[in-house]
Amino acid sequence: MADLTELTLAEARDGVRGGTFSAVELAQAHIDAIEGARVLNSFITETPERALAMASESDARVAANDPRPMEGVPIAVKDVFCTNGVHTTAGSHILENFTPPYESSVTQNMWDAGGVLLGKTNLDEFAMGSSNETSFFGPVENPWRAADDGQSRVPGGSSGGSAVAVAANIASGAIGTDTGGSIRQPAAYSGIVGMKPTYGRCSRWGTVAFASSLDQAGPMTRTVKDAAILLGAMAGFDAKDSTSVDITAPKFEAALTGEVKGLKVGIPDEYRLEGMPAEIEALWNHGAEWLRDAGAEIVPVSLPMTQYALPAYYIVASAEASSNLARYDGIRYGLREDADDLSDLYETTRASGFGDEVQRRILIGTYALSAGYYDAYYLKAQKVRTRIAEDFRQAFENVDVLLTPTTPSEAFVVGSKSDDPIAMFLNDVFTVPASLAGLPGISVPAGLAANGLPLGLQILAKPFDEQTLFRTAQVLETAAGVTSRPAPWWKEAGA
Amino acid sequence: MTGAPTFEGSAGTWEVVIGLEIHAQVTSQSKLFSGAATAFGAEPNTQVSLVDAAMPGMLPVVNEYCVEQAVRTGLGLKAKINLRSIFDRKNYFYPDLPQGYQISQFSDPIVGEGTIYLDMPDGSQRAIGIERLHLEQDAGKSLHDQSPTQTYVDLNRSGVALMEIVSKPDLRSAEEAGLYVRKVRTILRYLGTCDGNMDQGSMRCDVNISVRHPGDPLGTRAEIKNINSVRFVHQAIEYETRRQIEEIEGGGTVALETRRFDPSDGVTYPMRSKEEAHDYRYFPDPDLLPLEFTQGFVDNIRESLPELPDEKKARFETEYEISASNAGVLVAERAKGEYFEALVASASDKSGKPGSEIGQDCANILITDLFGILNKKGLSIEQSPIGHRSLAGLQALKLDGTISGRIAKDVFVEMLETGKQAADIVEEKGLRQVSDTGEIEVIIDKIISDSPNQLAGYKAGKENLFGYFVGQVMKATGGKANPQVVNELLKKKL
């Protein structure tokens, strides 16, 4: 039998459903792959027993001729989704030993669709970071290495573990969360597809919150079609999340017609950054040409507020985070350090429980909300946010989708930006504006940098128009025709 | 309006300015943002959902019934209802605040300005402005007395819906503040939006208080937190007024600070210093959308409102021709007003007399007799040993002349003690009023012939001796003689 971990999610699904192989065989192949790839550090918690139990149930369903939409497909779950009876750490010391007695709505939807839990993937602590280096459980390593230096590269973040699980064929698909680019940026760095739905498409109930007005769960897969299938299993209205939108999710997979004739593709001028590498610019131009060749119309558009997106994002996200993370106080669950009195308890617990990046953002957010600074920072940032959304709204009066690079560079060397938070923040420059506007976006592998590392292009669409987003992305994916995979050096390293 | 009460100090005349924040627990089966129950007195931590405990990833969903209750209360306070309001987070750390923030409403409350009217003892009315009403979550409870070394936390209250009703600084004395709290409580109870039980903590007050010379700008205020009875509101204001005047007259200044009232010594004490003052970092809660509803939603609630105390009082005065102060007593509790109306209706049925004619008499027996007894026995009107039908039976006997007013009082006491009906008591004890002139004439003749000296005196012009003869007749008949008949016959015979 062929290596089952090489299959796309769609192939794995069809194989189980058609009886080509069993769900248990599929699960076992991935469990073995996880064991063989521990050196990448992409999982915090592995759940092989649960995977096999769920796979057995899938096989029974298939035998009873009653398969669910994603029967038997092995999925890796970012460790911010609460999973009933399974450790959920958010990559933090403060939740190191936390086991929720409840299941997040998004993961519950996936299990109801027949998905199989492989384990919980590594991430930047509380999803705060762009390199997966802030995790209490150590950095995740990118399976891709540059041809020239062979150094360890970051997989991007914060959904780095999920990106790597997919890139290294450890899981058929994975789910992540995207607050300012945490799905799309690691997808680009790891040579996979990463998709952030419209804000409100997926429930946030049971997902450890970073920034409530921005957080959105999404699929990470090796193909656009896989992403459409996986999102179909995740999405849906949830009365337990007041910001979840009460509209029925369409059949995303059915939207993949391969047809973009007459589609208007906007190229935002303001995304041409000074000092951006020539190969990124070239790739972007290629992307536009591919879509034009497929019959789309390329239209230059302007998004004048783009330059203010990054500072506005870091204020809004940090402000919400400073409040969202107040519940980790050592009183009811999670870490509690010994202390002499109440203030001491809060201070020592939070000082030891949170890493530097989380503390930095809590401080930024607390400052931005403080009396005397609220108007100048938080309120101003919210106004900028409104203007950015308005920019997009106007642009979408003339175009159907936007095409941009996902990131301003390829994956960087582990540790090379750790001392420079601003340089780290700049990774998100192309992903943050759509997050602020709540728009759906997807990163598609589009080529390789000169050093052999993957690069991605991003497509953005109107709110709740994921169908056009997927359709365009698939045409781009096909035209780009990226077939390179990372050489599996980790299998030897782990052996 | 009468002049505001003032206080004389060594540095002249002072006026106290008071604003009240009333925290009223919304009557609702479940909490403001979770489905957990809200019953009072449950075992600690048995009414706590994952949301109330602020577990990771939990999200609030607003309870529509609580919203409806807040709107109903706003309408009862004759206040502006805001069709769009916003939930904000008020951030601070405390062990009984699981989220690390309280969800409240800061800049855009659900209810805006309104007015309530106080009936002053001198018969005048005072209008007190309502600044706003907003919805917020209650915190849990820290239990410091369960262990010598540890504090325990009970989260049963965590997340329970509260309405914070903020008055304008319109109150000018402890007495007014007390009347205000009682009036708000009456309205809430009429509406069924808060049970108003201060002893169970479902209604608590924060008092903002400052002093000034009349006509001066407002002085610096102190806020006295968490007072849980009308009596303590009274005491706290009286103490704090004196304290502030003495402070200023002694050359000091009043600090802008939070204080607490200790009922054991009647003194207010500072709670926290400036260094510990909180910056609550309010911002809109991103987990909740702005709270929006239609005018139709408000109108539906308006249509379902019960008659409120002010309207009921006015109606009682015209419909039953009773005094304003009596009407005020009868509407202070919804059940008292209901009892009164039921009593009048039954008595009217039995006697055939209209409510306007018998209203005052019914009000009298309730206010002077029944309420006093109930008060003494610690019973509510619902627990009255005499129901309105039985009491109407007594009223009817009085109204048709079967018994006199004096006998009626005895029968009332007998009814209380035995639970018997008035008619049975009158029958058994032969208390029926005697109006038979022949029978009374015989008695009068005997008394006149037995009292020659008094007769002579009366004839000589001592007219007050007439009362002596009336008294003798009543004594001889055991009080049953119809006084009117006695008077007429005596006049004729003397």
# chains A, B, ... in the order shown; residues from 1 in each chain; ligands from 1
>>> residues_around(residues="Leu431 (chain B)", least_positions_apart="2", cutoff="12 Å", atoms="only C-alpha atoms", output="list in words")
Leu397, Lys398, Gly401, Thr402, Ile403, Ser404, Gly405, Arg406, Ile407, Ala408, Lys409, Asp410, Val411, Ala422, Ala423, Asp424, Ile425, Val426, Glu427, Glu428, Lys429, Gln433, Val434, Thr477, Gly478, Gly479, Lys480, Ala481 and Asn482 of chain B
>>> residues_around(residues="region 384-386 of chain B", least_positions_apart="5", cutoff="7 Å", atoms="only C-alpha atoms", output="ChimeraX atom specification")
/B:374,379,391,416
>>> write_last_selection(atoms="C-alpha atoms", output="short mmCIF file (atom, residue, chain, number, x, y, z; two decimals), in the first residue's frame")
data_model
loop_
_atom_site.label_atom_id
_atom_site.label_comp_id
_atom_site.auth_asym_id
_atom_site.auth_seq_id
_atom_site.Cartn_x
_atom_site.Cartn_y
_atom_site.Cartn_z
CA LEU B 374 -50.07 42.40 61.28
CA LEU B 379 -47.04 39.06 59.26
CA LEU B 391 -63.50 41.61 56.90
CA LEU B 416 -58.67 37.63 65.02
#
>>> closest_atom_pairs(of="chain A", to="chain B", cutoff="10 Å", atoms="only C-alpha atoms", output="CSV")
residue,atom,partner,partner_atom,distance
A:Val80,CA,B:Gly57,CA,8.6
A:Phe81,CA,B:Gly57,CA,8.1
A:Cys82,CA,B:Gly57,CA,7.4
A:Thr88,CA,B:Pro56,CA,9.5
A:Ala90,CA,B:Pro56,CA,9.7
A:Leu95,CA,B:Pro56,CA,9.5
A:Phe98,CA,B:Pro56,CA,9.7
A:Pro100,CA,B:Pro56,CA,8.2
A:Pro101,CA,B:Leu50,CA,9.3
A:Tyr102,CA,B:Leu50,CA,9.0
A:Glu103,CA,B:Gly57,CA,9.9
A:Ser104,CA,B:Gly57,CA,7.9
A:Arg204,CA,B:Gly57,CA,7.3
A:Trp205,CA,B:Gly57,CA,5.7
A:Gly206,CA,B:Gly57,CA,4.1
A:Thr207,CA,B:Gly57,CA,4.5
A:Val208,CA,B:Gly57,CA,4.3
A:Ala209,CA,B:Gly57,CA,5.7
A:Phe210,CA,B:Gly57,CA,9.5
A:Ala211,CA,B:Pro286,CA,8.3
A:Ser212,CA,B:Pro286,CA,5.7
A:Ser213,CA,B:Pro286,CA,5.4
A:Leu214,CA,B:Pro286,CA,9.1
A:Ala239,CA,B:Val61,CA,8.0
A:Lys240,CA,B:Val61,CA,6.4
A:Asp241,CA,B:Leu59,CA,6.2
A:Ser242,CA,B:Leu288,CA,5.8
A:Thr243,CA,B:Leu289,CA,6.6
A:Ser244,CA,B:Asp287,CA,9.9
A:Ala319,CA,B:Phe283,CA,8.9
A:Glu320,CA,B:Pro286,CA,7.6
A:Ser322,CA,B:Asn91,CA,9.5
A:Ser323,CA,B:Asn91,CA,6.9
A:Asn324,CA,B:Gln99,CA,7.7
A:Leu325,CA,B:Gly100,CA,8.2
A:Ala326,CA,B:Gly100,CA,4.8
A:Arg327,CA,B:Gln99,CA,4.7
A:Tyr328,CA,B:Gly100,CA,8.4
A:Asp329,CA,B:Gly100,CA,8.1
A:Gly330,CA,B:Pro95,CA,9.2
A:Ile331,CA,B:Pro95,CA,6.4
A:Arg332,CA,B:Ala53,CA,7.9
A:Tyr333,CA,B:Met55,CA,8.3
A:Leu342,CA,B:Pro95,CA,8.5
A:Ser343,CA,B:Phe93,CA,9.2
A:Tyr346,CA,B:Phe93,CA,8.5
A:Gly365,CA,B:Arg281,CA,9.9
A:Thr366,CA,B:Arg281,CA,7.6
A:Tyr367,CA,B:Arg281,CA,9.0
A:Ala368,CA,B:Arg281,CA,8.9
A:Leu369,CA,B:Arg281,CA,5.1
A:Ser370,CA,B:Arg281,CA,5.3
A:Ala371,CA,B:Asp279,CA,6.5
A:Tyr373,CA,B:Arg281,CA,9.8
A:Tyr374,CA,B:Arg281,CA,8.0
A:Tyr378,CA,B:Phe283,CA,8.7
A:Leu379,CA,B:Phe283,CA,9.2
>>> write_last_selection(atoms="C-alpha atoms", output="compact mmCIF listing (two decimals), in the first residue's frame")
# COMPACT_ATOMS: atom_id res chain seq x y z
CA VAL A 80 -5.84 26.63 21.84
CA PHE A 81 -8.97 24.62 21.09
CA CYS A 82 -10.29 23.11 24.30
CA THR A 88 -5.07 22.19 26.48
CA ALA A 90 -2.25 27.41 24.75
CA LEU A 95 -2.01 26.27 31.57
CA PHE A 98 -4.96 22.27 32.35
CA PRO A 100 -10.83 21.14 30.06
CA PRO A 101 -14.03 19.25 30.85
CA TYR A 102 -15.60 20.55 27.64
CA GLU A 103 -15.04 20.54 23.88
CA SER A 104 -14.74 23.62 21.69
CA ARG A 204 -15.03 30.96 19.10
CA TRP A 205 -16.70 29.05 21.96
CA GLY A 206 -14.16 26.87 23.71
CA THR A 207 -11.18 28.42 21.98
CA VAL A 208 -8.70 30.05 24.34
CA ALA A 209 -9.07 33.74 23.53
CA PHE A 210 -6.25 36.01 22.43
CA ALA A 211 -8.09 38.97 20.88
CA SER A 212 -11.82 38.34 20.78
CA SER A 213 -12.71 40.74 17.97
CA LEU A 214 -10.06 39.22 15.67
CA ALA A 239 -25.71 30.29 19.76
CA LYS A 240 -23.03 30.09 22.45
CA ASP A 241 -20.91 32.69 20.63
CA SER A 242 -22.67 36.05 20.30
CA THR A 243 -20.31 37.08 17.50
CA SER A 244 -20.99 33.94 15.47
CA ALA A 319 -5.79 45.70 24.66
CA GLU A 320 -8.22 42.80 24.30
CA SER A 322 -4.68 42.26 28.47
CA SER A 323 -8.28 41.76 29.58
CA ASN A 324 -8.81 38.26 28.17
CA LEU A 325 -5.77 36.92 30.02
CA ALA A 326 -6.81 38.41 33.38
CA ARG A 327 -8.60 35.14 34.20
CA TYR A 328 -5.28 33.32 34.46
CA ASP A 329 -4.79 34.47 38.03
CA GLY A 330 -3.84 31.30 39.90
CA ILE A 331 -7.15 31.22 41.78
CA ARG A 332 -9.32 28.56 40.14
CA TYR A 333 -7.25 26.52 37.68
CA LEU A 342 -3.06 38.10 47.40
CA SER A 343 -1.02 40.67 45.43
CA TYR A 346 -1.11 37.35 41.35
CA GLY A 365 -2.66 46.52 26.14
CA THR A 366 -3.00 47.66 29.75
CA TYR A 367 -1.23 50.88 28.86
CA ALA A 368 -3.41 51.49 25.81
CA LEU A 369 -6.59 51.17 27.93
CA SER A 370 -5.38 53.22 30.88
CA ALA A 371 -7.01 56.45 31.99
CA TYR A 373 -4.22 57.07 27.20
CA TYR A 374 -7.43 55.38 26.09
CA TYR A 378 -7.35 52.36 21.92
CA LEU A 379 -9.99 54.73 20.59
>>> residues_around(residues="region 139-156 of chain A", least_positions_apart="4", cutoff="9 Å", atoms="only C-alpha atoms", output="ChimeraX atom specification")
/A:39-43,122-124,129-135,160-161,163-164,167-168,182-183,185-191,411-415,427,450-454,485-490
>>> select_by_dssp(residues="region 215-429 of chain B", states="helix (DSSP H, G or I)", output="JSON, numbers by chain")
{"B": [230, 231, 232, 233, 234, 235, 236, 237, 238, 239, 240, 241, 242, 243, 244, 245, 246, 247, 248, 249, 274, 275, 276, 295, 296, 297, 298, 299, 300, 301, 302, 303, 309, 310, 311, 312, 313, 314, 315, 316, 317, 318, 319, 324, 325, 326, 327, 328, 329, 330, 331, 334, 335, 336, 337, 338, 339, 340, 341, 342, 343, 344, 345, 346, 347, 348, 349, 350, 351, 355, 356, 357, 358, 359, 360, 361, 362, 363, 364, 365, 366, 367, 368, 369, 370, 371, 372, 373, 374, 375, 376, 377, 381, 382, 383, 388, 389, 390, 391, 392, 393, 394, 395, 396, 397, 398, 399, 405, 406, 407, 408, 409, 410, 411, 412, 413, 414, 415, 416, 417, 418, 422, 423, 424, 425, 426, 427, 428, 429]}
>>> select_by_dssp(residues="region 105-310 of chain A", states="strand (DSSP E)", output="PyMOL selection string")
chain A and resi 116-121+173-178+193-196+216-221+264-268+297-301
>>> write_last_selection(atoms="C-alpha atoms", output="PDB file, in the first residue's frame")
ATOM      1  CA  VAL A 116     -10.104  11.911  14.055  1.00  0.00           C
ATOM      2  CA  LEU A 117      -7.988  13.742  16.649  1.00  0.00           C
ATOM      3  CA  LEU A 118      -4.245  13.039  16.278  1.00  0.00           C
ATOM      4  CA  GLY A 119      -3.115  15.461  18.959  1.00  0.00           C
ATOM      5  CA  LYS A 120      -2.629  19.050  20.002  1.00  0.00           C
ATOM      6  CA  THR A 121      -0.107  21.119  18.111  1.00  0.00           C
ATOM      7  CA  GLY A 173      -5.130  18.449   7.750  1.00  0.00           C
ATOM      8  CA  ALA A 174      -4.858  20.730  10.727  1.00  0.00           C
ATOM      9  CA  ILE A 175      -6.761  23.581  12.249  1.00  0.00           C
ATOM     10  CA  GLY A 176      -5.350  26.832  13.519  1.00  0.00           C
ATOM     11  CA  THR A 177      -6.487  30.235  14.613  1.00  0.00           C
ATOM     12  CA  ASP A 178      -5.730  33.490  12.859  1.00  0.00           C
ATOM     13  CA  VAL A 193      -2.563  26.305   2.205  1.00  0.00           C
ATOM     14  CA  GLY A 194      -3.866  28.298   5.195  1.00  0.00           C
ATOM     15  CA  MET A 195      -7.250  29.918   5.271  1.00  0.00           C
ATOM     16  CA  LYS A 196      -8.863  32.435   7.643  1.00  0.00           C
ATOM     17  CA  GLN A 216     -10.989  33.157  13.935  1.00  0.00           C
ATOM     18  CA  ALA A 217     -10.431  29.439  13.444  1.00  0.00           C
ATOM     19  CA  GLY A 218      -9.512  28.114  10.028  1.00  0.00           C
ATOM     20  CA  PRO A 219      -8.152  25.122   8.081  1.00  0.00           C
ATOM     21  CA  MET A 220      -4.513  24.374   7.193  1.00  0.00           C
ATOM     22  CA  THR A 221      -4.050  21.805   4.455  1.00  0.00           C
ATOM     23  CA  LYS A 264     -12.042  41.117 -11.190  1.00  0.00           C
ATOM     24  CA  VAL A 265      -8.824  40.789  -9.227  1.00  0.00           C
ATOM     25  CA  GLY A 266      -7.619  43.892  -7.377  1.00  0.00           C
ATOM     26  CA  ILE A 267      -3.916  44.613  -6.863  1.00  0.00           C
ATOM     27  CA  PRO A 268      -3.561  47.038  -3.927  1.00  0.00           C
ATOM     28  CA  GLU A 297      -9.333  40.925 -15.121  1.00  0.00           C
ATOM     29  CA  ILE A 298      -6.529  42.575 -13.162  1.00  0.00           C
ATOM     30  CA  VAL A 299      -7.493  45.939 -11.639  1.00  0.00           C
ATOM     31  CA  PRO A 300      -5.215  48.247  -9.640  1.00  0.00           C
ATOM     32  CA  VAL A 301      -6.898  49.373  -6.402  1.00  0.00           C
TER      33      VAL A 301
END
>>> residues_around(residues="region 27-35 of chain A", least_positions_apart="4", cutoff="7 Å", atoms="only C-alpha atoms", output="list of chain:residue names")
A:Leu4, A:Thr5, A:Ala23, A:Pro48, A:Ala51, A:Leu52, A:Ala55, A:Pro74, A:Ile170, A:Ala171
>>> write_last_selection(atoms="C-alpha atoms", output="CSV table (one decimal), in the first residue's frame")
chain,number,residue,atom,x,y,z
A,4,LEU,CA,-1.1,7.0,3.5
A,5,THR,CA,0.4,10.1,4.9
A,23,ALA,CA,-9.6,4.6,9.1
A,48,PRO,CA,-2.8,8.1,19.6
A,51,ALA,CA,-7.2,8.6,17.4
A,52,LEU,CA,-7.5,4.8,17.1
A,55,ALA,CA,-10.9,5.7,13.8
A,74,PRO,CA,-6.8,12.5,10.9
A,170,ILE,CA,2.1,14.2,9.8
A,171,ALA,CA,-1.6,15.0,9.5
>>> atom_distance(atom1="CA of Met415 (chain B)", atom2="CA of Lys353 (chain B)")
23.4 Å
>>> closest_residue(among="A:Thr468, A:Thr8, A:Thr478, A:Thr47", to="Ala254 (chain A)", atoms="only C-alpha atoms")
A:Thr468
>>> atom_distance(atom1="CA of Asp299 (chain B)", atom2="CA of Glu136 (chain B)")
23.4 Å
>>> atom_distance(atom1="CA of Ala296 (chain A)", atom2="CA of Thr257 (chain A)")
14.0 Å
>>> residues_around(residues="Gln307 (chain A)", least_positions_apart="3", cutoff="8 Å", atoms="only C-alpha atoms", output="tab-separated table (two decimals) with C-alpha atoms, in the first residue's frame")
chain	number	residue	atom	x	y	z
A	270	GLU	CA	-0.06	50.21	-0.98
A	304	PRO	CA	-4.78	54.16	1.55
A	310	LEU	CA	-0.02	47.24	11.91
>>> residues_around(residues="Asn45 (chain B)", least_positions_apart="4", cutoff="6 Å", atoms="only C-alpha atoms", output="ChimeraX atom specification")
/B:154-156
